[in-house]
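See below for the structure under consideration.
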Amino acid sequence: MEALQAVVLTDAQLREMLTEAARRGAAMAVDELRAQLHQAPEDATLQKLRAYLVDPDSLANPHDHWAHSGIICKIAVTARGKPKSAPWFMKFQRETNLNECFNRPSPAYGRRREWTFFDIRLAWDAYYRRR
């Protein structure tokens, strides 16, 4: 029979260890929430959209996620590290027929239109597959 190692703790020691573990877990959760709060909603949308373009299975329902032209222009930046231009977006939506897809007015920007992630992905794939 093999000997097993065991640690014997008093009630106070166990309570102290559990309290410390809970403190560390809570601190990690608070740090993560703070990081999320400091992130602009547009940045979060851009990250989700980029992830969805790379892996379509990353979102359960891409029809429930929307992005406007400003976000679409930031998906891939220019050689100088700047977002694509408004003329690029006009050409992009015209050549891919994104402008004919269902869209909605942006809740935050009013006149700006938004498209679903699903339609953006179809347009993105069509535009960059041809090139």
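Just remember, in the structure tokens the first chain shown is A, the second B, etc., residues are 1-based per chain, and ligands are 1-based in the order shown.
Residues in contact range of A:Ala86, defined as at most 9 Å between only C-alpha atoms, with sequence neighbours fewer than 6 positions away removed, read Ser69, Gly70 and Cys73 of chain A.
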Mind dumping the selected residues with N, CA, C and O atoms as an mmCIF file, in the first residue's frame?
```
data_model
loop_
_atom_site.group_PDB
_atom_site.id
_atom_site.type_symbol
_atom_site.label_atom_id
_atom_site.label_comp_id
_atom_site.auth_asym_id
_atom_site.auth_seq_id
_atom_site.Cartn_x
_atom_site.Cartn_y
_atom_site.Cartn_z
ATOM 1 N N SER A 69 -20.719 52.274 -41.109
ATOM 2 C CA SER A 69 -19.610 52.445 -42.054
ATOM 3 C C SER A 69 -18.294 52.794 -41.365
ATOM 4 O O SER A 69 -17.231 52.350 -41.793
ATOM 5 N N GLY A 70 -18.347 53.582 -40.299
ATOM 6 C CA GLY A 70 -17.125 53.946 -39.590
ATOM 7 C C GLY A 70 -16.408 52.733 -39.023
ATOM 8 O O GLY A 70 -15.181 52.647 -39.048
ATOM 9 N N CYS A 73 -14.950 50.600 -41.961
ATOM 10 C CA CYS A 73 -13.704 51.182 -42.482
ATOM 11 C C CYS A 73 -12.499 50.860 -41.605
ATOM 12 O O CYS A 73 -11.363 50.910 -42.065
#
```
- Contacts of A:Phe89 within 12 Å, only C-alpha atoms, excl. fewer than 2 positions in-chain, as a list in words: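 Contacts, in chain order: His68, Ser69, Gly70, Ile71, Ile72, Cys73, Lys74, Ile75, Ala76, Pro83, Lys84, Ser85, Ala86, Pro87, Lys91, Phe92, Gln93, Arg94, Glu95, Thr96, Asn97, Leu98, Asn99, Ile120, Ala123, Trp124 and Tyr127 of chain A.
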request  = Can you pull out every residue within 7 Å of stretch 43-54 of chain A, counting only C-alpha atoms, but drop anything in the same chain fewer than 4 positions away, and send it as a ChimeraX atom specification?
outcome  = /A:39,58-59,71,75,117,121
Report, in Å with one decimal, the straight-line distance from atom CA of A:Arg34 to atom CA of A:Ala108.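 Atom CA of A:Arg34 sits 22.8 Å away from atom CA of A:Ala108.
The residues of chain A that DSSP classifies as strand (DSSP E or B), using the backbone of this structure, are Trp66, Ala67, His68, Arg104, Pro105, Arg113, Glu114, Trp115 and Thr116 of chain A.
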Separation of atom CA of A:Pro62 from atom CA of A:Ala35, in Å and rounded to one decimal: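 Spanning atom CA of A:Pro62 to atom CA of A:Ala35 is a straight-line distance of 24.5 Å.
For the choices A:Asp31, A:Ala126, A:Trp66, A:Gln5, the atom-to-atom distance to A:Pro105 is smallest for A:Trp66 when using only C-alpha atoms.
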Output as number ranges by chain all residues of chain A that backbone DSSP marks as helix (DSSP H, G or I).
A: 11-37, 41-54, 56-58, 62-64, 69-73, 86-96, 98-100, 117-130
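When atom CA of A:Arg113 is paired with atom CA of A:Glu42, their separation reads 14.3 Å.
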key: Contacts of A:Arg104 within 10 Å, only C-alpha atoms, excl. fewer than 6 positions in-chain, as a PyMOL selection string   = chain A and resi 66-68+110-116
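Proximity of A:Asn103, A:Thr78, A:Gln13, A:Gln36 to A:Asp119, computed with only C-alpha atoms, is greatest for A:Asn103.
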